[in-house]
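To be precise, the following lines are protein-v9.txt, and they hold compact mmCIF, C-alpha atoms (C1' of nucleotides).
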# COMPACT_ATOMS: atom_id res chain seq x y z
CA MET R 1 16.83 -18.67 9.34
CA ASP R 2 16.19 -19.91 5.83
CA ASP R 3 15.13 -16.57 4.55
CA GLN R 4 18.20 -15.00 5.99
CA THR R 5 20.47 -17.32 4.15
CA ARG R 6 18.45 -16.67 1.05
CA MET R 7 18.77 -12.98 1.52
CA LEU R 8 22.45 -13.23 1.94
CA GLY R 9 22.90 -15.24 -1.17
CA LEU R 10 25.33 -17.42 0.68
CA GLY R 11 24.83 -20.29 -1.65
CA GLY R 12 28.36 -21.40 -0.90
CA GLY R 13 31.58 -20.27 -2.48
CA LEU R 14 32.78 -18.37 0.52
CA GLY R 15 35.32 -20.96 1.24
CA ALA R 16 36.44 -20.95 -2.34
CA LEU R 17 37.84 -17.48 -2.04
CA SER R 18 41.41 -17.17 -0.98
CA GLN R 19 42.80 -14.36 1.10
CA ALA R 20 44.70 -13.16 -1.92
CA ASP R 21 41.41 -12.61 -3.72
CA VAL R 22 40.34 -10.34 -0.96
CA GLY R 23 43.31 -8.11 -1.42
CA ASP R 24 43.70 -7.71 2.27
CA PRO R 25 46.90 -6.00 3.44
CA ASP R 26 46.68 -8.03 6.63
CA SER R 27 46.42 -11.22 4.71
CA ALA R 28 49.73 -12.51 5.96
CA ARG R 29 48.66 -12.14 9.55
CA LYS R 30 45.33 -13.64 8.83
CA GLN R 31 46.92 -16.48 6.98
CA GLN R 32 48.51 -17.41 10.26
CA ALA R 33 45.26 -17.18 12.05
CA LEU R 34 43.48 -19.57 9.73
CA GLY R 35 42.16 -22.54 11.55
CA GLN R 36 41.66 -20.59 14.72
CA PRO R 37 37.98 -19.62 14.65
CA GLN R 38 38.03 -17.40 17.71
CA GLN R 39 40.83 -15.29 16.43
CA ASP R 40 39.17 -15.20 13.04
CA ILE R 41 36.00 -13.75 14.46
CA GLY R 42 37.95 -11.25 16.45
CA ASP R 43 39.72 -10.32 13.25
CA ILE R 44 36.48 -9.83 11.40
CA LEU R 45 35.02 -7.73 14.12
CA GLN R 46 38.12 -5.63 14.20
CA GLN R 47 37.86 -5.13 10.48
CA ILE R 48 34.24 -4.14 10.82
CA MET R 49 35.21 -1.56 13.39
CA ALA R 50 38.04 -0.35 11.21
CA ILE R 51 35.69 0.29 8.29
CA THR R 52 34.53 3.56 9.79
CA ASP R 53 38.06 4.96 9.64
CA GLU R 54 38.52 4.16 5.99
CA SER R 55 37.68 5.91 2.79
CA LEU R 56 34.55 4.91 0.94
CA ASP R 57 36.41 2.90 -1.67
CA GLU R 58 38.47 1.14 0.93
CA ALA R 59 35.37 0.46 2.98
CA GLN R 60 33.58 -0.99 -0.02
CA ALA R 61 36.49 -3.25 -0.75
CA ARG R 62 36.66 -4.28 2.88
CA LYS R 63 32.98 -4.96 2.96
CA HIS R 64 33.23 -7.15 -0.05
CA ALA R 65 36.12 -8.96 1.51
CA LEU R 66 34.20 -9.50 4.70
CA ASN R 67 31.20 -10.76 2.84
CA CYS R 68 33.34 -13.30 1.12
CA HIS R 69 35.22 -14.35 4.17
CA ARG R 70 35.04 -18.05 4.87
CA MET R 71 34.18 -17.41 8.51
CA LYS R 72 31.28 -15.29 7.56
CA PRO R 73 28.63 -18.03 8.00
CA ALA R 74 29.91 -18.79 11.47
CA LEU R 75 29.81 -15.16 12.49
CA PHE R 76 26.44 -14.82 10.91
CA SER R 77 24.99 -17.71 12.84
CA VAL R 78 26.38 -16.28 16.07
CA LEU R 79 24.70 -12.99 15.31
CA CYS R 80 21.51 -14.84 14.49
CA GLU R 81 21.62 -16.62 17.80
CA ILE R 82 22.16 -13.43 19.75
CA LYS R 83 19.42 -11.78 17.82
CA GLU R 84 17.02 -14.64 18.34
CA LYS R 85 17.40 -14.20 22.08
CA THR R 86 16.96 -10.45 22.10
CA VAL R 87 14.16 -10.33 19.56
CA LEU R 88 12.13 -12.80 21.55
CA SER R 89 11.97 -10.35 24.41
CA ILE R 90 10.90 -7.58 22.07
CA ARG R 91 8.21 -9.66 20.44
CA GLY R 92 4.77 -9.24 21.80
CA VAL R 93 5.52 -5.74 22.95
CA GLN R 94 4.73 -4.27 19.58
CA GLU R 95 1.23 -5.44 18.89
CA GLU R 96 -0.64 -4.34 15.83
CA ASP R 97 -2.41 -1.27 17.12
CA PRO R 98 -5.97 -0.58 15.95
CA PRO R 99 -6.65 2.41 13.69
CA ASP R 100 -6.27 5.61 15.66
CA PRO R 101 -9.76 6.88 16.60
CA GLN R 102 -8.47 10.44 16.55
CA ILE R 103 -7.27 10.17 12.97
CA MET R 104 -10.48 8.41 12.01
CA ARG R 105 -12.49 11.26 13.44
CA LEU R 106 -10.42 13.79 11.54
CA ASP R 107 -10.79 11.74 8.37
CA ASN R 108 -14.56 11.64 8.74
CA MET R 109 -14.68 15.34 9.40
CA LEU R 110 -12.59 16.20 6.37
CA LEU R 111 -14.68 13.89 4.26
CA ALA R 112 -17.90 15.47 5.48
CA GLU R 113 -16.59 18.94 4.82
CA GLY R 114 -15.57 17.94 1.31
CA VAL R 115 -11.87 18.55 1.87
CA SER R 116 -10.78 14.96 1.43
CA GLY R 117 -12.49 12.37 -0.68
CA PRO R 118 -13.79 12.78 -4.23
CA GLU R 119 -14.29 16.30 -5.52
CA LYS R 120 -17.97 17.05 -5.44
CA GLY R 121 -19.20 19.21 -8.25
CA GLY R 122 -17.97 22.41 -6.72
CA GLY R 123 -17.90 21.97 -3.02
CA SER R 124 -19.14 20.35 0.10
CA ALA R 125 -22.60 19.48 1.18
CA ALA R 126 -22.10 21.94 3.99
CA ALA R 127 -21.50 24.71 1.49
CA ALA R 128 -24.57 23.75 -0.46
CA ALA R 129 -26.73 23.64 2.65
CA ALA R 130 -25.35 26.92 3.89
CA ALA R 131 -25.86 28.47 0.49
CA ALA R 132 -29.45 27.29 0.40
CA ALA R 133 -30.04 28.93 3.73
CA ALA R 134 -27.95 31.97 2.93
CA GLY R 135 -30.62 34.50 2.95
CA GLY R 136 -31.00 38.19 2.24
CA SER R 137 -30.73 38.94 -1.38
CA PRO R 138 -29.87 36.07 -3.65
CA ASN R 139 -26.97 38.02 -5.06
CA ASP R 140 -25.23 38.35 -1.76
CA GLY R 141 -25.95 34.73 -1.03
CA SER R 142 -24.27 33.58 -4.19
CA ILE R 143 -21.30 35.81 -3.58
CA GLU R 144 -20.84 34.39 -0.10
CA HIS R 145 -21.36 30.94 -1.48
CA SER R 146 -18.71 31.27 -4.15
CA ASP R 147 -16.45 32.90 -1.61
CA TYR R 148 -16.89 29.99 0.72
CA ARG R 149 -16.37 27.52 -2.06
CA ALA R 150 -13.24 29.29 -3.25
CA LYS R 151 -11.78 29.32 0.24
CA LEU R 152 -12.70 25.70 0.79
CA ALA R 153 -11.13 24.76 -2.52
CA GLN R 154 -8.00 26.59 -1.45
CA ILE R 155 -7.86 24.66 1.80
CA ARG R 156 -8.52 21.48 -0.12
CA GLN R 157 -5.70 22.18 -2.52
CA ILE R 158 -3.20 22.98 0.21
CA TYR R 159 -4.26 19.91 2.12
CA HIS R 160 -3.79 17.64 -0.86
CA SER R 161 -0.47 19.07 -1.89
CA GLU R 162 0.84 18.78 1.67
CA LEU R 163 -0.52 15.27 1.95
CA GLU R 164 1.16 14.35 -1.28
CA LYS R 165 4.43 15.77 -0.03
CA TYR R 166 4.18 13.76 3.15
CA GLU R 167 3.32 10.61 1.31
CA GLN R 168 6.17 11.09 -1.08
CA ALA R 169 8.60 11.77 1.74
CA CYS R 170 7.28 8.75 3.60
CA SER R 171 7.64 6.41 0.65
CA GLU R 172 11.07 7.80 -0.20
CA PHE R 173 12.24 7.38 3.33
CA THR R 174 10.76 3.91 3.56
CA THR R 175 12.42 2.81 0.35
CA HIS R 176 15.67 4.25 1.53
CA VAL R 177 15.50 2.45 4.86
CA MET R 178 14.44 -0.78 3.19
CA ASN R 179 17.33 -0.61 0.81
CA LEU R 180 19.64 0.13 3.65
CA LEU R 181 18.32 -2.81 5.65
CA ARG R 182 18.54 -5.12 2.66
CA GLU R 183 22.06 -4.03 2.13
CA GLN R 184 22.85 -4.57 5.77
CA SER R 185 21.17 -7.91 5.76
CA ARG R 186 24.20 -9.13 3.86
CA THR R 187 26.33 -8.66 6.94
CA ARG R 188 23.85 -9.05 9.77
CA PRO R 189 20.68 -11.06 10.16
CA ILE R 190 17.62 -9.03 9.27
CA SER R 191 14.43 -10.88 8.52
CA PRO R 192 11.74 -9.53 6.18
CA LYS R 193 9.51 -9.37 9.22
CA GLU R 194 11.87 -6.95 10.85
CA ILE R 195 11.97 -4.83 7.75
CA GLU R 196 8.21 -4.86 7.81
CA ARG R 197 8.21 -3.77 11.40
CA MET R 198 10.64 -0.99 10.66
CA VAL R 199 8.41 0.15 7.82
CA ALA R 200 5.45 0.12 10.18
CA ILE R 201 7.38 2.26 12.65
CA ILE R 202 8.22 4.74 9.92
CA HIS R 203 4.62 4.85 8.80
CA ARG R 204 3.48 5.47 12.35
CA LYS R 205 5.87 8.37 12.65
CA PHE R 206 4.70 9.83 9.39
CA SER R 207 1.06 9.32 10.23
CA SER R 208 1.52 11.39 13.35
CA ILE R 209 2.75 14.20 11.11
CA GLN R 210 -0.22 13.55 8.86
CA MET R 211 -2.52 13.83 11.83
CA GLN R 212 -1.14 17.27 12.58
CA LEU R 213 -1.84 18.27 9.01
CA LYS R 214 -5.38 16.92 9.23
CA GLN R 215 -5.93 18.64 12.52
CA SER R 216 -4.85 22.03 11.26
CA THR R 217 -6.92 21.55 8.09
CA CYS R 218 -9.96 20.78 10.21
CA GLU R 219 -9.34 23.89 12.26
CA ALA R 220 -9.09 25.98 9.10
CA VAL R 221 -12.38 24.58 7.79
CA MET R 222 -14.07 25.20 11.13
CA ILE R 223 -12.92 28.81 11.18
CA LEU R 224 -14.06 29.31 7.61
CA ARG R 225 -17.37 27.67 8.38
CA SER R 226 -18.05 29.71 11.47
CA ARG R 227 -17.25 32.89 9.59
CA PHE R 228 -19.54 31.84 6.79
CA LEU R 229 -22.33 30.88 9.14
CA ASP R 230 -21.99 34.18 10.94
CA ALA R 231 -22.25 35.95 7.63
CA ARG R 232 -25.36 33.92 6.90
CA ARG R 233 -27.19 35.73 9.66
CA LYS R 234 -26.47 39.03 7.99
CA ARG R 235 -29.82 39.38 6.36
CA ARG R 236 -31.12 41.84 3.85
CA ASN R 237 -34.73 42.79 3.55
CA PHE R 238 -36.40 41.50 0.45
CA ASN R 239 -36.92 44.09 -2.20
CA LYS R 240 -40.20 45.94 -2.43
CA GLN R 241 -41.47 44.02 -5.40
CA ALA R 242 -40.82 40.67 -3.71
CA THR R 243 -42.62 41.74 -0.54
CA GLU R 244 -45.50 42.95 -2.64
CA VAL R 245 -45.82 39.63 -4.44
CA LEU R 246 -45.73 37.75 -1.16
CA ASN R 247 -48.22 40.06 0.50
CA GLU R 248 -50.55 39.83 -2.48
CA TYR R 249 -50.59 36.08 -2.20
CA PHE R 250 -50.97 36.20 1.55
CA TYR R 251 -53.93 38.57 1.62
CA SER R 252 -55.65 36.98 -1.32
CA HIS R 253 -55.44 33.59 0.43
CA LEU R 254 -56.10 34.89 3.91
CA SER R 255 -58.58 32.14 4.75
CA ASN R 256 -55.88 29.60 4.03
CA PRO R 257 -52.49 31.31 3.78
CA TYR R 258 -50.60 28.08 3.21
CA PRO R 259 -49.11 27.99 -0.25
CA SER R 260 -48.54 24.56 -1.71
CA GLU R 261 -45.05 23.46 -2.68
CA GLU R 262 -45.76 24.46 -6.28
CA ALA R 263 -47.09 27.84 -5.20
CA LYS R 264 -44.03 28.37 -3.06
CA GLU R 265 -41.78 27.57 -5.97
CA GLU R 266 -43.72 29.93 -8.17
CA LEU R 267 -43.49 32.70 -5.57
CA ALA R 268 -39.81 32.03 -5.01
CA LYS R 269 -39.19 32.37 -8.71
CA LYS R 270 -41.19 35.57 -8.93
CA CYS R 271 -39.41 37.12 -5.95
CA GLY R 272 -35.95 35.87 -6.72
CA ILE R 273 -35.64 34.11 -3.37
CA THR R 274 -35.46 30.51 -2.27
CA VAL R 275 -38.41 28.28 -1.43
CA SER R 276 -37.28 28.08 2.19
CA GLN R 277 -37.24 31.86 2.32
CA VAL R 278 -40.80 31.85 1.06
CA SER R 279 -41.69 29.35 3.79
CA ASN R 280 -39.96 31.52 6.39
CA TRP R 281 -41.78 34.56 5.14
CA PHE R 282 -45.18 32.90 5.33
CA GLY R 283 -44.38 31.45 8.73
CA ASN R 284 -43.43 34.85 10.05
CA LYS R 285 -46.33 36.55 8.34
CA ARG R 286 -48.96 34.15 9.64
CA ILE R 287 -47.78 34.39 13.21
CA ARG R 288 -47.38 38.16 13.15
CA TYR R 289 -50.70 38.68 11.45
CA LYS R 290 -52.45 36.45 13.93
CA LYS R 291 -50.81 38.22 16.86
CA ASN R 292 -51.95 41.64 15.79
CA ILE R 293 -54.68 41.57 13.19
CA GLY R 294 -55.56 45.18 13.89
CA LYS R 295 -52.13 46.40 12.98
CA PHE R 296 -52.30 44.64 9.62
CA GLN R 297 -55.82 45.82 8.82
CA GLU R 298 -54.66 48.73 6.72
CA GLU R 299 -52.23 46.62 4.81
CA ALA R 300 -54.92 44.01 4.26
CA ASN R 301 -57.31 46.56 2.83
CA LEU R 302 -54.61 47.96 0.61
CA TYR R 303 -53.91 44.58 -0.95
CA ALA R 304 -57.62 43.87 -1.18
CA VAL R 305 -58.07 46.88 -3.39
CA LYS R 306 -54.99 46.00 -5.32
CA THR R 307 -56.08 42.44 -6.06
CA ALA R 308 -59.59 43.64 -6.84
CA VAL R 309 -58.29 46.13 -9.36
CA ASP R 310 -56.03 43.52 -10.88
CA ALA R 311 -58.86 41.05 -11.09
CA ALA R 312 -61.08 43.68 -12.65
CA ASN R 313 -58.43 44.47 -15.21
CA VAL R 314 -57.96 40.84 -16.06
CA SER R 315 -61.65 40.16 -16.48
CA ALA R 316 -62.12 43.36 -18.42
CA GLN R 317 -59.39 42.33 -20.79
CA ALA R 318 -60.72 38.82 -21.06
CA SER R 319 -64.24 39.81 -21.94
CA GLN R 320 -64.59 43.40 -22.86
CA ALA R 321 -68.02 42.83 -24.32
CA ASN R 322 -69.37 41.13 -21.20
CA SER R 323 -70.63 42.89 -18.16
CA PRO R 324 -67.87 44.44 -15.97
CA ALA R 325 -66.66 42.35 -13.07
CA THR R 326 -67.54 43.33 -9.56
CA PRO R 327 -64.67 44.02 -7.14
CA ASN R 328 -63.20 40.88 -5.55
CA SER R 329 -65.30 38.70 -7.82
CA GLY R 330 -62.26 36.76 -8.96
CA ASN R 331 -61.02 36.14 -5.46
CA PRO R 332 -62.36 33.11 -3.65
CA ASP R 333 -60.56 34.00 -0.44
CA ASN R 334 -62.10 37.22 0.61
CA TYR R 335 -59.87 38.31 3.48
CA THR R 336 -62.02 41.23 4.66
CA CYS R 337 -64.27 38.97 6.58
CA GLN R 338 -61.24 37.47 8.28
CA CYS R 339 -59.94 40.75 9.51
CA ARG R 340 -62.88 41.81 11.54
C1' DT A 1 -29.47 55.94 18.62
C1' DA A 2 -33.66 53.69 20.31
C1' DG A 3 -37.13 50.93 18.95
C1' DG A 4 -39.93 48.84 15.50
C1' DA A 5 -39.67 45.84 11.33
C1' DT A 6 -38.11 41.81 9.38
C1' DG A 7 -35.63 37.59 7.87
C1' DA A 8 -33.54 33.53 10.03
C1' DT A 9 -33.03 30.04 13.58
C1' DT A 10 -34.45 26.86 17.09
C1' DG A 11 -37.18 23.72 19.78
C1' DG A 12 -41.40 21.47 20.36
C1' DC A 13 -45.58 19.32 18.53
C1' DG A 14 -48.71 16.48 15.76
C1' DC E 1 -41.76 16.99 7.70
C1' DG E 2 -44.35 21.20 8.03
C1' DC E 3 -45.92 24.31 11.17
C1' DC E 4 -46.04 27.32 15.33
C1' DA E 5 -44.05 30.19 18.75
C1' DA E 6 -40.27 32.31 20.73
C1' DT E 7 -36.14 34.36 20.01
C1' DC E 8 -32.06 36.19 17.73
C1' DA E 9 -29.67 39.38 14.80
C1' DT E 10 -29.75 42.79 11.72
C1' DC E 11 -31.93 46.49 9.06
C1' DC E 12 -34.31 50.75 8.85
C1' DT E 13 -36.35 54.97 10.15
C1' DA E 14 -37.81 58.78 13.04
Take the structure in the file and give it back as structure tokens.
Amino acid sequence: MDDQTRMLGLGGGLGALSQADVGDPDSARKQQALGQPQQDIGDILQQIMAITDESLDEAQARKHALNCHRMKPALFSVLCEIKEKTVLSIRGVQEEDPPDPQIMRLDNMLLAEGVSGPEKGGGSAAAAAAAAAAGGSPNDGSIEHSDYRAKLAQIRQIYHSELEKYEQACSEFTTHVMNLLREQSRTRPISPKEIERMVAIIHRKFSSIQMQLKQSTCEAVMILRSRFLDARRKRRNFNKQATEVLNEYFYSHLSNPYPSEEAKEELAKKCGITVSQVSNWFGNKRIRYKKNIGKFQEEANLYAVKTAVDAANVSAQASQANSPATPNSGNPDNYTCQCR
DNA sequence: TAGGATGATTGGCG
DNA sequence: CGCCAATCATCCTA
């Protein structure tokens, strides 16, 4: 009860005000009623009810008068008593509920997709991973990647602006209600705890709206992602030069067609593809070669000649004066023996 | 347009 | 984690 009295600023002085100060047109009647508490309270209540029929100015004046009425503390304590009884029954019903698992899930999802949380240098991990795997030609991959990023950024922006709007509306509404309650606490008993509870109720309401926003944002990201992932499967054959480079390496290392990480990087650079694409290519090539060596015989011979000629050219350039190099001399992995 | 070629994905294994 | 094997999805050509 202490805080209520504090809130009211009732530090005395109510009794010091005369009816004349109040400027009440019914003062004469009330004057008669002084000393009769029951009638006084009835009077006050009547005046409270009458406030709704009055103009704003009149109502303000009446409110002030009521606040200063000498019977105010008595009425207030009665209200407090009534409230105490009713509030007790309410208490315990509204427990502090744990954080909503649904909203937590959505939060995690948005965070993982890079929609919420700190802006990562140009997009989500998902985008980066998808871009790395985005195959075909590197050009198309980058276009899809930037497309994805742009769309994700758009979603992100909308999400944040909407979230901001909600938060602003929530805080505005909360402040408004708090002010209203504080104002009302002058005439009826409202504890800070109750204000807190009211604020919590408002926040719960707003968080349910926020959940809807998060849900629809998640849906948007999922749709975008599925579209992007579908597009990822749209492959393009590597260009001729890239295939040639890969085949050259493959057939010149036929006894051990497993390029090291460095070799893969080198090949990727040469072909303008990613390292994982190089790995895919070698994986596919090894298995398909093994399955049907006969079918690849011609191709193998072709690249054998090619590498032999290249090697010959290199050695000829290196030492023109020396004896000419024999075919395949520069190639430690002579595939021809493998193919028979 | 059918069917082969080819790049990517997936699940299992060591 | 890298690789294999099977499979998918798309491209390409006759």
Using all atoms listed in the file, find the residues of chain R whose closest atom to chain E is at most 10 Å away, then write them as a ChimeraX atom specification.
/R:233-237,258,279,283-284,286-287
Chain A residues within 10 Å of chain R, counting all atoms listed in the file: which ones, as a PyMOL selection string?
chain A and resi 5-9
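One distance worth recording is that between CA of Met198 (chain R) and CA of Leu163 (chain R), which is 21.6 Å.
Atom to atom, CA of Asn247 (chain R) and CA of Glu265 (chain R) stand 15.5 Å apart.
You will find CA of Ile202 (chain R) at 6.9 Å from CA of Thr174 (chain R).
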Write out all heavy atoms for region 236-247 of chain R, as a PDB file, in the coordinates of the input.
ATOM      1  N   ARG R 236     -30.693  40.641   4.571  1.00  0.00           N
ATOM      2  CA  ARG R 236     -31.120  41.840   3.850  1.00  0.00           C
ATOM      3  C   ARG R 236     -32.628  41.732   3.703  1.00  0.00           C
ATOM      4  O   ARG R 236     -33.147  40.642   3.492  1.00  0.00           O
ATOM      5  CB  ARG R 236     -30.491  41.874   2.450  1.00  0.00           C
ATOM      6  CG  ARG R 236     -29.045  42.258   2.408  1.00  0.00           C
ATOM      7  CD  ARG R 236     -28.877  43.767   2.387  1.00  0.00           C
ATOM      8  NE  ARG R 236     -27.563  44.166   2.844  1.00  0.00           N
ATOM      9  CZ  ARG R 236     -26.480  44.108   2.089  1.00  0.00           C
ATOM     10  NH1 ARG R 236     -26.567  43.699   0.856  1.00  0.00           N
ATOM     11  NH2 ARG R 236     -25.320  44.461   2.582  1.00  0.00           N
ATOM     12  N   ASN R 237     -33.300  42.829   3.809  1.00  0.00           N
ATOM     13  CA  ASN R 237     -34.730  42.790   3.550  1.00  0.00           C
ATOM     14  C   ASN R 237     -34.966  42.462   2.085  1.00  0.00           C
ATOM     15  O   ASN R 237     -34.174  42.831   1.222  1.00  0.00           O
ATOM     16  CB  ASN R 237     -35.339  44.145   3.895  1.00  0.00           C
ATOM     17  CG  ASN R 237     -35.370  44.378   5.394  1.00  0.00           C
ATOM     18  OD1 ASN R 237     -35.030  43.495   6.169  1.00  0.00           O
ATOM     19  ND2 ASN R 237     -35.759  45.578   5.784  1.00  0.00           N
ATOM     20  N   PHE R 238     -36.040  41.776   1.844  1.00  0.00           N
ATOM     21  CA  PHE R 238     -36.400  41.500   0.450  1.00  0.00           C
ATOM     22  C   PHE R 238     -36.743  42.814  -0.229  1.00  0.00           C
ATOM     23  O   PHE R 238     -37.172  43.774   0.427  1.00  0.00           O
ATOM     24  CB  PHE R 238     -37.606  40.558   0.385  1.00  0.00           C
ATOM     25  CG  PHE R 238     -37.377  39.223   1.026  1.00  0.00           C
ATOM     26  CD1 PHE R 238     -38.439  38.470   1.499  1.00  0.00           C
ATOM     27  CD2 PHE R 238     -36.087  38.704   1.149  1.00  0.00           C
ATOM     28  CE1 PHE R 238     -38.224  37.241   2.087  1.00  0.00           C
ATOM     29  CE2 PHE R 238     -35.865  37.466   1.741  1.00  0.00           C
ATOM     30  CZ  PHE R 238     -36.940  36.746   2.216  1.00  0.00           C
ATOM     31  N   ASN R 239     -36.585  42.833  -1.521  1.00  0.00           N
ATOM     32  CA  ASN R 239     -36.920  44.090  -2.200  1.00  0.00           C
ATOM     33  C   ASN R 239     -38.435  44.300  -2.211  1.00  0.00           C
ATOM     34  O   ASN R 239     -39.218  43.388  -1.960  1.00  0.00           O
ATOM     35  CB  ASN R 239     -36.314  44.140  -3.602  1.00  0.00           C
ATOM     36  CG  ASN R 239     -36.848  43.048  -4.494  1.00  0.00           C
ATOM     37  OD1 ASN R 239     -38.050  42.762  -4.485  1.00  0.00           O
ATOM     38  ND2 ASN R 239     -35.965  42.437  -5.266  1.00  0.00           N
ATOM     39  N   LYS R 240     -38.798  45.526  -2.524  1.00  0.00           N
ATOM     40  CA  LYS R 240     -40.200  45.940  -2.430  1.00  0.00           C
ATOM     41  C   LYS R 240     -41.122  45.062  -3.266  1.00  0.00           C
ATOM     42  O   LYS R 240     -42.194  44.639  -2.827  1.00  0.00           O
ATOM     43  CB  LYS R 240     -40.336  47.402  -2.889  1.00  0.00           C
ATOM     44  CG  LYS R 240     -41.087  48.254  -1.879  1.00  0.00           C
ATOM     45  CD  LYS R 240     -41.111  49.689  -2.339  1.00  0.00           C
ATOM     46  CE  LYS R 240     -41.955  50.521  -1.389  1.00  0.00           C
ATOM     47  NZ  LYS R 240     -41.940  51.936  -1.749  1.00  0.00           N
ATOM     48  N   GLN R 241     -40.650  44.788  -4.463  1.00  0.00           N
ATOM     49  CA  GLN R 241     -41.470  44.020  -5.400  1.00  0.00           C
ATOM     50  C   GLN R 241     -41.723  42.609  -4.856  1.00  0.00           C
ATOM     51  O   GLN R 241     -42.840  42.097  -4.928  1.00  0.00           O
ATOM     52  CB  GLN R 241     -40.758  43.964  -6.762  1.00  0.00           C
ATOM     53  CG  GLN R 241     -41.566  43.331  -7.863  1.00  0.00           C
ATOM     54  CD  GLN R 241     -40.963  42.006  -8.299  1.00  0.00           C
ATOM     55  OE1 GLN R 241     -39.752  41.784  -8.122  1.00  0.00           O
ATOM     56  NE2 GLN R 241     -41.782  41.136  -8.856  1.00  0.00           N
ATOM     57  N   ALA R 242     -40.680  42.017  -4.267  1.00  0.00           N
ATOM     58  CA  ALA R 242     -40.820  40.670  -3.710  1.00  0.00           C
ATOM     59  C   ALA R 242     -41.824  40.666  -2.560  1.00  0.00           C
ATOM     60  O   ALA R 242     -42.714  39.806  -2.495  1.00  0.00           O
ATOM     61  CB  ALA R 242     -39.459  40.165  -3.230  1.00  0.00           C
ATOM     62  N   THR R 243     -41.689  41.645  -1.669  1.00  0.00           N
ATOM     63  CA  THR R 243     -42.620  41.740  -0.540  1.00  0.00           C
ATOM     64  C   THR R 243     -44.042  41.921  -1.029  1.00  0.00           C
ATOM     65  O   THR R 243     -44.996  41.361  -0.467  1.00  0.00           O
ATOM     66  CB  THR R 243     -42.233  42.939   0.357  1.00  0.00           C
ATOM     67  OG1 THR R 243     -40.819  42.932   0.532  1.00  0.00           O
ATOM     68  CG2 THR R 243     -42.886  42.852   1.711  1.00  0.00           C
ATOM     69  N   GLU R 244     -44.173  42.697  -2.089  1.00  0.00           N
ATOM     70  CA  GLU R 244     -45.500  42.950  -2.640  1.00  0.00           C
ATOM     71  C   GLU R 244     -46.117  41.653  -3.168  1.00  0.00           C
ATOM     72  O   GLU R 244     -47.289  41.351  -2.889  1.00  0.00           O
ATOM     73  CB  GLU R 244     -45.391  43.963  -3.787  1.00  0.00           C
ATOM     74  CG  GLU R 244     -46.467  45.027  -3.746  1.00  0.00           C
ATOM     75  CD  GLU R 244     -46.015  46.276  -4.475  1.00  0.00           C
ATOM     76  OE1 GLU R 244     -46.244  46.348  -5.696  1.00  0.00           O
ATOM     77  OE2 GLU R 244     -45.422  47.170  -3.829  1.00  0.00           O
ATOM     78  N   VAL R 245     -45.344  40.904  -3.887  1.00  0.00           N
ATOM     79  CA  VAL R 245     -45.820  39.630  -4.440  1.00  0.00           C
ATOM     80  C   VAL R 245     -46.258  38.698  -3.323  1.00  0.00           C
ATOM     81  O   VAL R 245     -47.337  38.083  -3.378  1.00  0.00           O
ATOM     82  CB  VAL R 245     -44.717  38.967  -5.302  1.00  0.00           C
ATOM     83  CG1 VAL R 245     -45.094  37.546  -5.668  1.00  0.00           C
ATOM     84  CG2 VAL R 245     -44.454  39.780  -6.565  1.00  0.00           C
ATOM     85  N   LEU R 246     -45.417  38.626  -2.286  1.00  0.00           N
ATOM     86  CA  LEU R 246     -45.730  37.750  -1.160  1.00  0.00           C
ATOM     87  C   LEU R 246     -46.985  38.220  -0.420  1.00  0.00           C
ATOM     88  O   LEU R 246     -47.866  37.409  -0.092  1.00  0.00           O
ATOM     89  CB  LEU R 246     -44.538  37.690  -0.196  1.00  0.00           C
ATOM     90  CG  LEU R 246     -43.270  37.032  -0.755  1.00  0.00           C
ATOM     91  CD1 LEU R 246     -42.064  37.331   0.117  1.00  0.00           C
ATOM     92  CD2 LEU R 246     -43.454  35.527  -0.921  1.00  0.00           C
ATOM     93  N   ASN R 247     -47.057  39.516  -0.195  1.00  0.00           N
ATOM     94  CA  ASN R 247     -48.220  40.060   0.500  1.00  0.00           C
ATOM     95  C   ASN R 247     -49.505  39.844  -0.316  1.00  0.00           C
ATOM     96  O   ASN R 247     -50.553  39.520   0.252  1.00  0.00           O
ATOM     97  CB  ASN R 247     -48.026  41.551   0.767  1.00  0.00           C
ATOM     98  CG  ASN R 247     -47.351  41.789   2.101  1.00  0.00           C
ATOM     99  OD1 ASN R 247     -47.673  41.143   3.103  1.00  0.00           O
ATOM    100  ND2 ASN R 247     -46.394  42.702   2.132  1.00  0.00           N
TER     101      ASN R 247
END
